[in-house]
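Data file: work.pdb. Format and content: PDB, C-alpha atoms.
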ATOM      1  CA  MET A   1      93.875   4.411   3.670  1.00  0.00           C
ATOM      2  CA  ALA A   2      92.397   1.408   1.871  1.00  0.00           C
ATOM      3  CA  GLN A   3      94.827  -0.923   3.650  1.00  0.00           C
ATOM      4  CA  ARG A   4      93.825   0.387   7.065  1.00  0.00           C
ATOM      5  CA  CYS A   5      90.101  -0.059   6.313  1.00  0.00           C
ATOM      6  CA  ALA A   6      90.676  -3.609   5.075  1.00  0.00           C
ATOM      7  CA  TRP A   7      92.670  -4.412   8.225  1.00  0.00           C
ATOM      8  CA  ALA A   8      89.932  -2.933  10.483  1.00  0.00           C
ATOM      9  CA  ARG A   9      87.246  -4.847   8.576  1.00  0.00           C
ATOM     10  CA  GLN A  10      89.210  -8.080   8.917  1.00  0.00           C
ATOM     11  CA  LYS A  11      89.682  -7.547  12.674  1.00  0.00           C
ATOM     12  CA  THR A  12      85.980  -6.797  13.282  1.00  0.00           C
ATOM     13  CA  GLU A  13      84.641  -9.666  11.127  1.00  0.00           C
ATOM     14  CA  ASN A  14      86.049 -12.233  13.582  1.00  0.00           C
ATOM     15  CA  ILE A  15      84.404 -10.652  16.661  1.00  0.00           C
ATOM     16  CA  LYS A  16      81.247 -12.336  17.921  1.00  0.00           C
ATOM     17  CA  PRO A  17      78.403 -10.018  19.073  1.00  0.00           C
ATOM     18  CA  GLU A  18      78.454 -11.441  22.619  1.00  0.00           C
ATOM     19  CA  GLU A  19      82.144 -10.463  22.939  1.00  0.00           C
ATOM     20  CA  VAL A  20      81.524  -6.766  22.218  1.00  0.00           C
ATOM     21  CA  ASN A  21      81.374  -4.592  25.324  1.00  0.00           C
ATOM     22  CA  VAL A  22      80.575  -0.938  24.550  1.00  0.00           C
ATOM     23  CA  SER A  23      80.202   1.916  27.021  1.00  0.00           C
ATOM     24  CA  ILE A  24      78.007   4.819  26.020  1.00  0.00           C
ATOM     25  CA  VAL A  25      78.951   8.144  27.570  1.00  0.00           C
ATOM     26  CA  ARG A  26      76.867  11.263  27.117  1.00  0.00           C
ATOM     27  CA  TRP A  27      78.945  14.069  25.673  1.00  0.00           C
ATOM     28  CA  HIS A  28      77.972  17.649  26.382  1.00  0.00           C
ATOM     29  CA  ARG A  29      79.338  20.249  24.065  1.00  0.00           C
ATOM     30  CA  THR A  30      80.254  23.121  26.340  1.00  0.00           C
ATOM     31  CA  ALA A  31      81.472  26.331  24.795  1.00  0.00           C
ATOM     32  CA  ASP A  32      81.549  28.203  28.105  1.00  0.00           C
ATOM     33  CA  PRO A  33      84.650  27.377  30.191  1.00  0.00           C
ATOM     34  CA  PHE A  34      82.970  28.876  33.275  1.00  0.00           C
ATOM     35  CA  GLN A  35      80.190  26.324  32.962  1.00  0.00           C
ATOM     36  CA  MET A  36      82.826  23.571  32.979  1.00  0.00           C
ATOM     37  CA  LEU A  37      84.410  25.076  36.116  1.00  0.00           C
ATOM     38  CA  GLU A  38      81.007  25.315  37.787  1.00  0.00           C
ATOM     39  CA  GLY A  39      80.439  21.620  37.082  1.00  0.00           C
ATOM     40  CA  LEU A  40      83.866  20.799  38.518  1.00  0.00           C
ATOM     41  CA  GLN A  41      83.135  22.891  41.622  1.00  0.00           C
ATOM     42  CA  HIS A  42      79.782  21.129  42.096  1.00  0.00           C
ATOM     43  CA  GLU A  43      81.441  17.709  41.846  1.00  0.00           C
ATOM     44  CA  MET A  44      84.230  18.669  44.267  1.00  0.00           C
ATOM     45  CA  ASN A  45      81.695  19.996  46.784  1.00  0.00           C
ATOM     46  CA  ARG A  46      79.734  16.743  46.506  1.00  0.00           C
ATOM     47  CA  LEU A  47      82.869  14.676  47.089  1.00  0.00           C
ATOM     48  CA  PHE A  48      84.002  16.702  50.097  1.00  0.00           C
ATOM     49  CA  ASN A  49      80.550  16.769  51.686  1.00  0.00           C
ATOM     50  CA  THR A  50      80.020  13.031  51.380  1.00  0.00           C
ATOM     51  CA  SER A  51      83.526  11.832  52.159  1.00  0.00           C
ATOM     52  CA  LEU A  52      85.860  13.978  54.187  1.00  0.00           C
ATOM     53  CA  PHE A  53      83.517  15.903  56.441  1.00  0.00           C
ATOM     54  CA  ARG A  54      81.617  12.801  57.480  1.00  0.00           C
ATOM     55  CA  PHE A  55      84.728  11.712  59.399  1.00  0.00           C
ATOM     56  CA  HIS A  56      85.432  14.555  61.835  1.00  0.00           C
ATOM     57  CA  GLU A  57      88.654  13.115  63.207  1.00  0.00           C
ATOM     58  CA  PHE A  58      90.409   9.859  62.586  1.00  0.00           C
ATOM     59  CA  GLY A  59      91.221   8.997  66.162  1.00  0.00           C
ATOM     60  CA  THR A  60      91.453   9.962  69.767  1.00  0.00           C
ATOM     61  CA  PRO A  61      94.175   9.275  72.318  1.00  0.00           C
ATOM     62  CA  GLU A  62      92.236   6.176  73.389  1.00  0.00           C
ATOM     63  CA  GLY A  63      92.231   4.903  69.811  1.00  0.00           C
ATOM     64  CA  ALA A  64      88.482   5.250  69.284  1.00  0.00           C
ATOM     65  CA  THR A  65      87.287   6.771  66.035  1.00  0.00           C
ATOM     66  CA  PHE A  66      84.603   9.380  65.432  1.00  0.00           C
ATOM     67  CA  TRP A  67      81.613   8.556  63.250  1.00  0.00           C
ATOM     68  CA  THR A  68      78.417  10.283  62.214  1.00  0.00           C
ATOM     69  CA  PRO A  69      75.092   8.435  62.362  1.00  0.00           C
ATOM     70  CA  ALA A  70      72.442   9.153  59.731  1.00  0.00           C
ATOM     71  CA  LEU A  71      69.808  11.664  60.880  1.00  0.00           C
ATOM     72  CA  ASP A  72      66.463  12.657  59.352  1.00  0.00           C
ATOM     73  CA  MET A  73      64.262  15.580  60.392  1.00  0.00           C
ATOM     74  CA  HIS A  74      60.702  16.266  59.304  1.00  0.00           C
ATOM     75  CA  GLU A  75      57.776  18.370  60.411  1.00  0.00           C
ATOM     76  CA  THR A  76      54.160  17.416  61.050  1.00  0.00           C
ATOM     77  CA  GLU A  77      51.329  19.804  61.797  1.00  0.00           C
ATOM     78  CA  ASP A  78      52.003  19.617  65.553  1.00  0.00           C
ATOM     79  CA  ASP A  79      55.568  18.302  65.946  1.00  0.00           C
ATOM     80  CA  MET A  80      59.155  18.390  64.770  1.00  0.00           C
ATOM     81  CA  VAL A  81      60.421  14.809  64.457  1.00  0.00           C
ATOM     82  CA  VAL A  82      64.063  13.693  64.320  1.00  0.00           C
ATOM     83  CA  GLN A  83      65.046  10.098  63.604  1.00  0.00           C
ATOM     84  CA  CYS A  84      68.587   8.840  64.021  1.00  0.00           C
ATOM     85  CA  GLU A  85      70.062   5.430  63.146  1.00  0.00           C
ATOM     86  CA  LEU A  86      71.979   4.003  66.098  1.00  0.00           C
ATOM     87  CA  PRO A  87      72.121   0.226  65.579  1.00  0.00           C
ATOM     88  CA  GLY A  88      73.860  -1.744  68.276  1.00  0.00           C
ATOM     89  CA  MET A  89      73.859   1.166  70.748  1.00  0.00           C
ATOM     90  CA  LYS A  90      72.898   0.777  74.397  1.00  0.00           C
ATOM     91  CA  LEU A  91      70.455   3.361  75.739  1.00  0.00           C
ATOM     92  CA  ASP A  92      72.808   4.414  78.523  1.00  0.00           C
ATOM     93  CA  ALA A  93      75.405   5.346  75.869  1.00  0.00           C
ATOM     94  CA  ILE A  94      73.055   7.852  74.141  1.00  0.00           C
ATOM     95  CA  SER A  95      72.491  11.445  75.288  1.00  0.00           C
ATOM     96  CA  VAL A  96      69.811  13.764  73.844  1.00  0.00           C
ATOM     97  CA  SER A  97      69.653  17.439  74.794  1.00  0.00           C
ATOM     98  CA  LEU A  98      67.808  20.539  73.621  1.00  0.00           C
ATOM     99  CA  ARG A  99      69.330  23.955  74.237  1.00  0.00           C
ATOM    100  CA  GLU A 100      67.544  27.014  72.892  1.00  0.00           C
ATOM    101  CA  ASN A 101      66.608  25.791  69.412  1.00  0.00           C
ATOM    102  CA  THR A 102      69.443  23.289  68.871  1.00  0.00           C
ATOM    103  CA  LEU A 103      68.974  19.555  69.309  1.00  0.00           C
ATOM    104  CA  THR A 104      72.081  17.533  70.176  1.00  0.00           C
ATOM    105  CA  VAL A 105      72.424  13.755  70.017  1.00  0.00           C
ATOM    106  CA  GLU A 106      75.687  12.281  71.227  1.00  0.00           C
ATOM    107  CA  GLY A 107      77.057   9.029  72.503  1.00  0.00           C
ATOM    108  CA  GLU A 108      79.596   6.299  72.066  1.00  0.00           C
ATOM    109  CA  ARG A 109      79.442   2.876  70.454  1.00  0.00           C
ATOM    110  CA  LYS A 110      82.015   0.500  71.895  1.00  0.00           C
ATOM    111  CA  GLN A 111      83.894  -1.944  69.727  1.00  0.00           C
ATOM    112  CA  SER A 112      82.943  -5.477  70.648  1.00  0.00           C
ATOM    113  CA  ALA A 113      85.478  -7.274  72.831  1.00  0.00           C
ATOM    114  CA  GLU A 114      85.557 -10.309  70.550  1.00  0.00           C
ATOM    115  CA  LEU A 115      86.857  -8.216  67.642  1.00  0.00           C
ATOM    116  CA  LYS A 116      89.734  -6.831  69.687  1.00  0.00           C
ATOM    117  CA  GLU A 117      91.095 -10.297  70.431  1.00  0.00           C
ATOM    118  CA  GLU A 118      90.483 -11.937  67.047  1.00  0.00           C
ATOM    119  CA  ASN A 119      92.456 -11.575  63.818  1.00  0.00           C
ATOM    120  CA  CYS A 120      90.101  -9.369  61.811  1.00  0.00           C
ATOM    121  CA  TYR A 121      90.045  -9.308  58.040  1.00  0.00           C
ATOM    122  CA  ARG A 122      87.445  -6.529  57.721  1.00  0.00           C
ATOM    123  CA  VAL A 123      86.013  -4.079  60.241  1.00  0.00           C
ATOM    124  CA  GLU A 124      83.437  -1.882  58.506  1.00  0.00           C
ATOM    125  CA  ARG A 125      81.069  -1.053  61.356  1.00  0.00           C
ATOM    126  CA  TRP A 126      81.822   2.310  62.954  1.00  0.00           C
ATOM    127  CA  HIS A 127      82.568   2.552  66.644  1.00  0.00           C
ATOM    128  CA  GLY A 128      83.626   5.332  68.945  1.00  0.00           C
ATOM    129  CA  LYS A 129      82.154   8.691  69.915  1.00  0.00           C
ATOM    130  CA  PHE A 130      79.688  10.707  67.858  1.00  0.00           C
ATOM    131  CA  HIS A 131      78.114  14.145  68.206  1.00  0.00           C
ATOM    132  CA  ARG A 132      75.291  15.543  66.055  1.00  0.00           C
ATOM    133  CA  SER A 133      73.748  18.986  66.534  1.00  0.00           C
ATOM    134  CA  VAL A 134      70.965  20.337  64.349  1.00  0.00           C
ATOM    135  CA  GLU A 135      69.267  23.686  64.504  1.00  0.00           C
ATOM    136  CA  LEU A 136      65.497  23.321  64.475  1.00  0.00           C
ATOM    137  CA  PRO A 137      63.626  25.399  61.875  1.00  0.00           C
ATOM    138  CA  THR A 138      60.800  26.240  64.287  1.00  0.00           C
ATOM    139  CA  LEU A 139      60.367  26.789  68.036  1.00  0.00           C
ATOM    140  CA  VAL A 140      59.493  23.702  70.101  1.00  0.00           C
ATOM    141  CA  ASP A 141      58.241  23.146  73.645  1.00  0.00           C
ATOM    142  CA  GLY A 142      61.300  21.762  75.463  1.00  0.00           C
ATOM    143  CA  ASP A 143      59.253  20.468  78.417  1.00  0.00           C
ATOM    144  CA  LYS A 144      57.210  18.103  76.245  1.00  0.00           C
ATOM    145  CA  VAL A 145      60.003  16.507  74.178  1.00  0.00           C
ATOM    146  CA  HIS A 146      60.103  12.710  74.297  1.00  0.00           C
ATOM    147  CA  ALA A 147      62.473  10.185  72.751  1.00  0.00           C
ATOM    148  CA  THR A 148      62.097   6.469  72.049  1.00  0.00           C
ATOM    149  CA  CYS A 149      64.504   3.908  70.662  1.00  0.00           C
ATOM    150  CA  GLU A 150      63.262   0.827  68.823  1.00  0.00           C
ATOM    151  CA  ASN A 151      65.384  -1.610  66.801  1.00  0.00           C
ATOM    152  CA  GLY A 152      68.313   0.821  66.729  1.00  0.00           C
ATOM    153  CA  ALA A 153      66.212   3.756  65.503  1.00  0.00           C
ATOM    154  CA  LEU A 154      66.090   6.738  67.861  1.00  0.00           C
ATOM    155  CA  LYS A 155      62.957   8.855  67.399  1.00  0.00           C
ATOM    156  CA  ILE A 156      62.699  12.284  69.047  1.00  0.00           C
ATOM    157  CA  VAL A 157      59.306  14.023  68.957  1.00  0.00           C
ATOM    158  CA  MET A 158      59.288  17.724  69.839  1.00  0.00           C
ATOM    159  CA  PRO A 159      55.880  19.442  70.015  1.00  0.00           C
ATOM    160  CA  LYS A 160      55.801  22.875  68.416  1.00  0.00           C
ATOM    161  CA  ARG A 161      55.063  25.864  70.592  1.00  0.00           C
ATOM    162  CA  PRO A 162      51.437  26.988  70.301  1.00  0.00           C
ATOM    163  CA  GLU A 163      52.410  30.372  68.854  1.00  0.00           C
ATOM    164  CA  VAL A 164      54.050  28.777  65.794  1.00  0.00           C
ATOM    165  CA  LYS A 165      51.264  26.301  64.987  1.00  0.00           C
ATOM    166  CA  PRO A 166      49.004  27.296  62.091  1.00  0.00           C
ATOM    167  CA  LYS A 167      45.644  28.705  63.207  1.00  0.00           C
ATOM    168  CA  GLN A 168      42.363  28.746  61.345  1.00  0.00           C
ATOM    169  CA  ILE A 169      40.632  32.127  61.614  1.00  0.00           C
ATOM    170  CA  GLN A 170      36.924  32.294  60.914  1.00  0.00           C
ATOM    171  CA  VAL A 171      35.845  35.354  58.953  1.00  0.00           C
ATOM    172  CA  LYS A 172      32.458  36.822  59.907  1.00  0.00           C
ATOM    173  CA  ILE A 173      30.357  38.790  57.484  1.00  0.00           C
ATOM    174  CA  THR A 174      29.094  42.069  58.951  1.00  0.00           C
TER     175      THR A 174
END

Rewritten as structure tokens:
Amino acid sequence: MAQRCAWARQKTENIKPEEVNVSIVRWHRTADPFQMLEGLQHEMNRLFNTSLFRFHEFGTPEGATFWTPALDMHETEDDMVVQCELPGMKLDAISVSLRENTLTVEGERKQSAELKEENCYRVERWHGKFHRSVELPTLVDGDKVHATCENGALKIVMPKRPEVKPKQIQVKIT
């Protein structure tokens, strides 16, 4: 044992502080194996939700790929607002529809012609068809929906129906 300690001391004495690279990893002592399985399940769900299901299909007969643009939805006092990132898209390639209480945004981004003819080393921008449908959490007035697109950001404003807007009721003392 004394020889091993002397050897380890000799090896570490010659190391300069700037050469030491140490990783610190938090260790959780888990006595419950079900808690470990729950953590594994949570991590697997996170991986599948962010990786595999973002890419619905890997190709079509025409060779185009499917992609999913980022979409945000929030609520104001009077409106439901959906914003969708569609950089490089032409307006005639975007379709927005509202059926019952489901908003659908779909379209197709074409691959640029110059990339098809050149020898590409990296192609990271998505192209092809996309389809996003989201169920709205509240009823909206379909006749008053309007959409605008500025700098590749599609913004859809859907006024809430009057019956779902909050109302202030004055209480009278009798």

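Among the candidates A:Glu163, A:Asp141, A:Glu108, A:Glu43, the one nearest to Leu86 of chain A when counting all atoms listed in the file is A:Glu108.
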
key: For atom CA of Leu98 of chain A and atom CA of Val134 of chain A, the interatomic separation in Å (one decimal)   = 9.8 Å

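Picture a line from atom CA of Leu91 of chain A to atom CA of Asn119 of chain A; it runs 29.1 Å.
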
ask   = Which is closer to Lys165 of chain A than all the others in A:Leu71, A:Ala153, A:Met80, A:Ala147, using only C-alpha atoms?
value = A:Met80

request  = Can you turn the PyMOL selection byres ((chain A and resi 97) around 12) into a concrete residue list for this file, as a VMD selection string?
outcome  = chain A and resid 94 to 96 98 to 107 131 to 134 142 to 143 145 to 147 156 158

inquiry  = I'd like the interatomic distance between atom CA of Val81 of chain A and atom CA of Ala93 of chain A, to a tenth of an Å.
reply    =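 According to the coordinates, atom CA of Val81 of chain A and atom CA of Ala93 of chain A are separated by 21.1 Å.
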
key: Counting all atoms listed in the file, the residue of A:Val140, A:Leu40, A:Leu154, A:Ile169 that sits nearest Gly88 of chain A   =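 Ranked by minimum distance to Gly88 of chain A, first place goes to A:Leu154.
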
Listed atoms of segment 122-125 of chain A boxed axis-aligned with 8 Å per side, centre + edges as JSON:
{"center_x": 84.3, "center_y": -3.8, "center_z": 59.5, "size_x": 22.4, "size_y": 21.5, "size_z": 19.6}
